[in-house]
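Undergrad: Sharing start02.txt below, compact mmCIF, C-alpha atoms and all ligand atoms:
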```
# COMPACT_ATOMS: atom_id res chain seq x y z
CA MET D 70 74.89 26.10 -5.84
CA LYS D 71 73.18 23.22 -7.60
CA PHE D 72 74.15 22.14 -11.10
CA PHE D 73 71.45 20.98 -13.51
CA LEU D 74 72.20 19.52 -16.93
CA ASP D 75 70.24 21.13 -19.77
CA SER D 76 69.75 18.10 -22.01
CA ALA D 77 67.41 15.30 -23.06
CA LEU D 78 70.21 12.92 -24.05
CA VAL D 79 70.24 9.95 -21.70
CA ASP D 80 73.94 9.20 -22.23
CA GLU D 81 74.89 12.77 -21.35
CA ILE D 82 72.65 12.73 -18.28
CA ARG D 83 74.12 9.41 -17.09
CA HIS D 84 77.68 10.74 -17.47
CA ALA D 85 76.80 13.99 -15.71
CA LEU D 86 75.20 12.10 -12.83
CA THR D 87 78.08 9.67 -12.41
CA MET D 88 81.00 12.02 -12.92
CA TRP D 89 79.70 15.48 -11.99
CA ASP D 90 77.07 14.63 -9.36
CA ILE D 91 74.47 16.87 -11.02
CA ASP D 92 71.41 17.80 -9.02
CA GLY D 93 68.79 17.68 -11.75
CA VAL D 94 67.93 18.13 -15.41
CA THR D 95 66.17 20.75 -17.49
CA THR D 96 64.75 19.95 -20.89
CA ASN D 97 63.17 22.08 -23.59
CA PRO D 98 61.67 21.33 -27.03
CA ARG D 99 65.07 21.73 -28.73
CA HIS D 100 66.65 19.07 -26.50
CA VAL D 101 63.72 16.69 -26.88
CA GLN D 102 63.81 17.07 -30.67
CA ALA D 103 67.58 16.37 -30.62
CA SER D 104 67.01 13.14 -28.68
CA GLY D 105 65.23 11.69 -31.71
CA LYS D 106 62.61 10.14 -29.42
CA PRO D 107 58.91 10.98 -28.87
CA PHE D 108 58.34 13.62 -26.20
CA LEU D 109 56.52 11.42 -23.68
CA ALA D 110 58.95 8.53 -24.08
CA VAL D 111 62.06 10.63 -23.51
CA ILE D 112 60.79 12.65 -20.55
CA GLN D 113 59.57 9.50 -18.78
CA GLU D 114 62.90 7.78 -19.43
CA ILE D 115 64.72 10.74 -17.88
CA GLY D 116 62.26 10.99 -15.00
CA SER D 117 62.80 7.33 -14.14
CA MET D 118 66.56 7.95 -13.81
CA PHE D 119 65.87 10.30 -10.87
CA GLU D 120 62.97 8.64 -9.11
CA GLY D 121 63.70 7.89 -5.45
CA THR D 122 65.93 10.98 -5.21
CA ASP D 123 65.12 14.61 -4.44
CA LYS D 124 66.47 15.67 -7.86
CA THR D 125 64.10 17.26 -10.36
CA VAL D 126 63.50 17.09 -14.10
CA SER D 127 61.98 20.19 -15.69
CA VAL D 128 59.70 19.45 -18.65
CA GLN D 129 58.15 22.02 -20.91
CA THR D 130 54.51 22.40 -21.85
CA ASN D 131 53.49 22.78 -25.50
CA PRO D 132 54.00 26.40 -26.65
CA ALA D 133 50.69 26.08 -28.54
CA SER D 134 48.91 26.22 -25.15
CA HIS D 135 50.81 29.20 -23.82
CA GLY D 136 48.18 31.81 -24.68
CA ASP D 137 45.57 30.11 -22.47
CA TYR D 138 46.31 29.44 -18.82
CA GLN D 139 43.65 26.75 -18.56
CA ALA D 140 45.28 24.80 -21.38
CA ILE D 141 48.66 25.11 -19.63
CA VAL D 142 47.08 23.90 -16.39
CA GLU D 143 45.47 20.87 -18.05
CA GLU D 144 48.67 19.83 -19.79
CA ALA D 145 50.75 20.43 -16.66
CA ARG D 146 48.42 18.25 -14.58
CA ARG D 147 48.80 15.40 -17.08
CA LEU D 148 52.60 15.75 -17.17
CA ALA D 149 52.98 16.04 -13.39
CA LYS D 150 51.26 12.65 -12.96
CA LEU D 151 53.94 10.92 -15.06
CA SER D 152 56.85 11.29 -12.65
CA PRO D 153 57.31 12.63 -9.10
CA THR D 154 60.53 14.22 -10.34
CA PHE D 155 58.81 16.57 -12.79
CA VAL D 156 58.73 20.33 -12.47
CA ILE D 157 56.55 21.78 -15.22
CA LYS D 158 57.88 24.61 -17.37
CA MET D 159 55.69 27.44 -18.59
CA PRO D 160 56.62 30.88 -19.89
CA SER D 161 56.97 34.08 -17.86
CA THR D 162 53.79 35.60 -19.30
CA GLU D 163 50.43 36.63 -17.89
CA HIS D 164 48.97 33.20 -18.72
CA GLY D 165 52.07 31.37 -17.54
CA PHE D 166 51.95 33.19 -14.18
CA LYS D 167 48.24 32.49 -13.72
CA ALA D 168 48.74 28.81 -14.59
CA CYS D 169 51.53 28.73 -12.02
CA ARG D 170 49.20 30.12 -9.34
CA VAL D 171 46.58 27.44 -10.03
CA LEU D 172 49.12 24.61 -10.25
CA SER D 173 51.22 25.59 -7.26
CA ASP D 174 48.04 25.78 -5.15
CA GLU D 175 47.49 22.13 -6.15
CA GLY D 176 51.05 21.19 -5.18
CA ILE D 177 52.34 20.94 -8.76
CA ARG D 178 55.80 22.47 -9.03
CA CYS D 179 56.32 25.06 -11.78
CA ASN D 180 59.44 26.40 -13.51
CA LEU D 181 58.75 29.85 -14.96
CA THR D 182 61.00 29.90 -17.97
CA LEU D 183 61.98 32.63 -20.44
CA CYS D 184 62.42 35.19 -17.65
CA PHE D 185 64.18 38.34 -18.86
CA SER D 186 63.35 40.97 -16.24
CA ALA D 187 63.30 41.26 -12.47
CA ALA D 188 59.63 42.27 -12.63
CA GLN D 189 58.79 39.02 -14.42
CA GLY D 190 60.79 37.14 -11.80
CA LEU D 191 58.93 38.92 -8.97
CA GLN D 192 55.55 37.95 -10.45
CA ALA D 193 56.72 34.33 -10.89
CA MET D 194 57.66 34.27 -7.19
CA ARG D 195 54.36 35.89 -6.12
CA MET D 196 52.46 33.25 -8.08
CA GLY D 197 54.20 30.39 -6.31
CA ALA D 198 56.92 29.37 -8.78
CA TYR D 199 59.18 26.56 -7.59
CA TYR D 200 61.90 27.74 -9.99
CA VAL D 201 62.30 30.92 -11.98
CA SER D 202 64.66 30.69 -14.95
CA PRO D 203 66.46 33.87 -16.02
CA PHE D 204 67.96 33.26 -19.48
CA ILE D 205 71.23 35.10 -19.02
CA GLY D 206 72.97 33.96 -22.23
CA TRP D 207 70.26 35.47 -24.39
CA LYS D 208 70.43 38.77 -22.53
CA GLU D 209 74.21 38.93 -22.52
CA GLY D 210 74.22 38.07 -26.25
CA ASN D 211 71.95 41.10 -26.68
CA GLY D 212 74.52 43.32 -24.95
CA GLU D 213 72.63 43.46 -21.65
CA GLU D 214 74.27 43.26 -18.23
CA VAL D 215 73.29 40.09 -16.41
CA GLN D 216 75.09 40.00 -13.06
CA SER D 217 72.83 42.64 -11.48
CA PHE D 218 69.80 40.89 -13.02
CA ILE D 219 70.62 37.69 -11.11
CA GLU D 220 71.44 39.68 -7.95
CA ASP D 221 68.08 41.49 -8.20
CA LEU D 222 66.18 38.21 -8.44
CA VAL D 223 68.00 36.77 -5.43
CA ALA D 224 67.46 39.99 -3.43
CA ILE D 225 63.73 40.09 -4.29
CA ARG D 226 63.35 36.48 -3.25
CA ASP D 227 65.20 37.09 0.03
CA ASN D 228 63.41 40.39 0.80
CA TYR D 229 60.04 38.66 0.85
CA ASN D 230 61.04 35.10 1.78
CA PHE D 231 59.53 33.65 -1.38
CA GLY D 232 59.96 29.89 -1.71
CA THR D 233 61.26 30.14 -5.28
CA GLU D 234 64.73 29.02 -6.34
CA VAL D 235 66.61 31.13 -8.89
CA LEU D 236 67.65 28.78 -11.69
CA VAL D 237 70.09 30.58 -13.98
CA ALA D 238 69.64 29.26 -17.54
CA ALA D 239 70.99 29.61 -21.07
CA VAL D 240 74.49 29.58 -19.62
CA ARG D 241 77.28 29.57 -22.18
CA ASN D 242 80.57 29.28 -20.31
CA GLY D 243 82.35 28.74 -17.01
CA ARG D 244 82.63 32.45 -16.32
CA GLN D 245 78.83 32.74 -16.35
CA ILE D 246 78.56 29.73 -14.02
CA ALA D 247 80.92 31.46 -11.56
CA ASP D 248 79.10 34.80 -11.95
CA ALA D 249 75.83 33.08 -11.07
CA ALA D 250 77.44 31.60 -7.95
CA VAL D 251 78.92 34.98 -6.92
CA SER D 252 75.44 36.51 -7.36
CA GLY D 253 73.90 33.96 -5.00
CA ALA D 254 71.87 31.98 -7.56
CA ASP D 255 70.50 28.68 -6.25
CA ILE D 256 71.02 26.66 -9.43
CA VAL D 257 72.72 26.87 -12.80
CA THR D 258 71.58 24.82 -15.76
CA ALA D 259 73.94 24.40 -18.69
CA GLY D 260 74.57 22.11 -21.61
CA PHE D 261 76.97 19.18 -21.50
CA SER D 262 79.78 20.89 -23.42
CA VAL D 263 79.53 24.03 -21.26
CA PHE D 264 80.20 22.03 -18.07
CA GLU D 265 82.81 19.89 -19.82
CA GLU D 266 84.76 23.00 -20.87
CA ALA D 267 84.19 24.77 -17.55
CA PHE D 268 85.81 21.95 -15.60
CA LYS D 269 89.01 22.12 -17.69
CA HIS D 270 91.88 24.58 -17.88
CA PRO D 271 94.87 24.41 -20.24
CA TYR D 272 97.26 25.26 -17.38
CA THR D 273 95.95 22.28 -15.42
CA ASP D 274 96.82 20.00 -18.35
CA MET D 275 100.18 21.73 -18.79
CA GLY D 276 100.93 21.34 -15.08
CA ILE D 277 100.12 17.63 -15.16
CA GLY D 278 102.56 17.24 -18.06
CA LYS D 279 105.32 19.16 -16.26
CA PHE D 280 104.90 17.26 -13.00
CA GLN D 281 104.90 14.00 -14.94
CA GLU D 282 108.36 14.85 -16.38
CA PHE D 283 109.82 15.42 -12.90
CA TRP D 284 108.07 12.34 -11.57
CA ASP D 285 109.53 10.17 -14.33
CA GLU D 286 113.07 11.48 -13.62
CA THR D 287 112.86 10.65 -9.90
CA PRO D 288 113.42 7.18 -8.39
CA TYR D 289 110.36 6.04 -6.50
CA GLU D 290 112.23 4.16 -3.76
C1 LIG Y 301 66.62 26.20 -19.53
O1 LIG Y 301 65.82 25.66 -18.81
C2 LIG Y 301 66.58 26.12 -20.99
O2 LIG Y 301 66.31 24.79 -21.38
C3 LIG Y 301 67.81 26.58 -21.70
O3 LIG Y 301 68.78 27.12 -20.90
C4 LIG Y 301 67.40 27.31 -22.91
O4 LIG Y 301 68.35 28.13 -23.47
P1 LIG Y 301 69.33 27.74 -24.64
O5 LIG Y 301 68.66 26.66 -25.47
O6 LIG Y 301 69.52 28.99 -25.43
O7 LIG Y 301 70.56 27.26 -23.97
```
Can the structure from this file be put into structure tokens for me?
TA:
Amino acid sequence: MKFFLDSALVDEIRHALTMWDIDGVTTNPRHVQASGKPFLAVIQEIGSMFEGTDKTVSVQTNPASHGDYQAIVEEARRLAKLSPTFVIKMPSTEHGFKACRVLSDEGIRCNLTLCFSAAQGLQAMRMGAYYVSPFIGWKEGNGEEVQSFIEDLVAIRDNYNFGTEVLVAAVRNGRQIADAAVSGADIVTAGFSVFEEAFKHPYTDMGIGKFQEFWDETPYE
């Protein structure tokens, strides 16, 4: 399963690339706003970090255009020209799906975001989505079961051999990362602190301390 970092902070992305070997990045308006940089400047800076690789950077279209598929298409075409790494995000709505159909027919890769049902995911796949992004943290926070949701998306994709990758998003902890992997998801995207915490365990730290004590009490030669 691929790991994407959900961030627009260049320092975080650099660390995640160097230390965690991440496979790509997802951004959204919240991350771009947090970067403190203009939208176009920050997405191009991130895109340039991945050029020459097969890793992708998902960038979101302006929500103001989301009620009109032609406006999504026009913006997506402009964004896609800026970096070969870009996959363009649009919502899992009627207009988002239609925009995806037009764009994917032109070879522009689309990430259908804000997916909350298997039926939405199926339509994203039918319309040629490169990625579909189920937001599991939002659903689980609402008391909904998410494991079968991910499994359904993977099964639908496999039943019909769609070319879409299931990109599990809004991930809050290591348990959800592992659940996504058990369910056969292709990719998980999570924030920096989620991965940082997921890669640690207090018993690992405790064990290092214990072994160090024995090591220090033992002659080396
Ligand atoms: C994924 O592509 C999104 O950027 C992300 O996971 C959004 O959810 P969050 O901001 O609630 O984590």
Undergrad: Counting all atoms listed in the file, what is within 7 Å of stretch 231-234 of chain D, bar same-chain residues fewer than 3 positions away, as JSON, numbers by chain?
TA: {"D": [194, 198, 199, 200, 201, 226, 227, 255]}
Undergrad: Could you take the residues named above and write them with C-alpha atoms, as an mmCIF file, in the frame of the given file?
TA:
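Result went into result38.cif, see below:
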```
data_model
loop_
_atom_site.group_PDB
_atom_site.id
_atom_site.type_symbol
_atom_site.label_atom_id
_atom_site.label_comp_id
_atom_site.auth_asym_id
_atom_site.auth_seq_id
_atom_site.Cartn_x
_atom_site.Cartn_y
_atom_site.Cartn_z
ATOM 1 C CA MET D 194 57.660 34.270 -7.190
ATOM 2 C CA ALA D 198 56.920 29.370 -8.780
ATOM 3 C CA TYR D 199 59.180 26.560 -7.590
ATOM 4 C CA TYR D 200 61.900 27.740 -9.990
ATOM 5 C CA VAL D 201 62.300 30.920 -11.980
ATOM 6 C CA ARG D 226 63.350 36.480 -3.250
ATOM 7 C CA ASP D 227 65.200 37.090 0.030
ATOM 8 C CA ASP D 255 70.500 28.680 -6.250
#
```
Undergrad: Please identify all protein, DNA and RNA residues within 12 Å of ligand LIG 301 (chain Y), counting all atoms listed in the file, and report them as an NGL selection string.
TA: :D and (72-77 or 93-103 or 126-129 or 156-160 or 179-185 or 200-210 or 235-242 or 256-263)
Undergrad: Report, in Å with one decimal, the straight-line distance from atom CA of D:Phe218 to atom CA of D:Pro132.
TA: 25.4 Å
Undergrad: What does the distance from atom CA of D:Lys150 to atom CA of D:Pro107 come to in Å, to one decimal?
TA: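 Atom-to-atom, atom CA of D:Lys150 to atom CA of D:Pro107, that is 17.7 Å.
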Undergrad: Measuring atom to atom with all atoms listed in the file, identify which of D:Thr125, D:Thr130, D:Ser173, D:Gln281 is nearest to D:Pro153.
TA: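 Result for the nearest residue to D:Pro153: D:Thr125.
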Undergrad: Rank D:Glu163, D:Glu220, D:Asp80, D:Glu214 by their smallest atom-to-atom distance to D:Ile141, using all atoms listed in the file, and report the top residue only.
TA: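 Ranked by minimum distance to D:Ile141, first place goes to D:Glu163.
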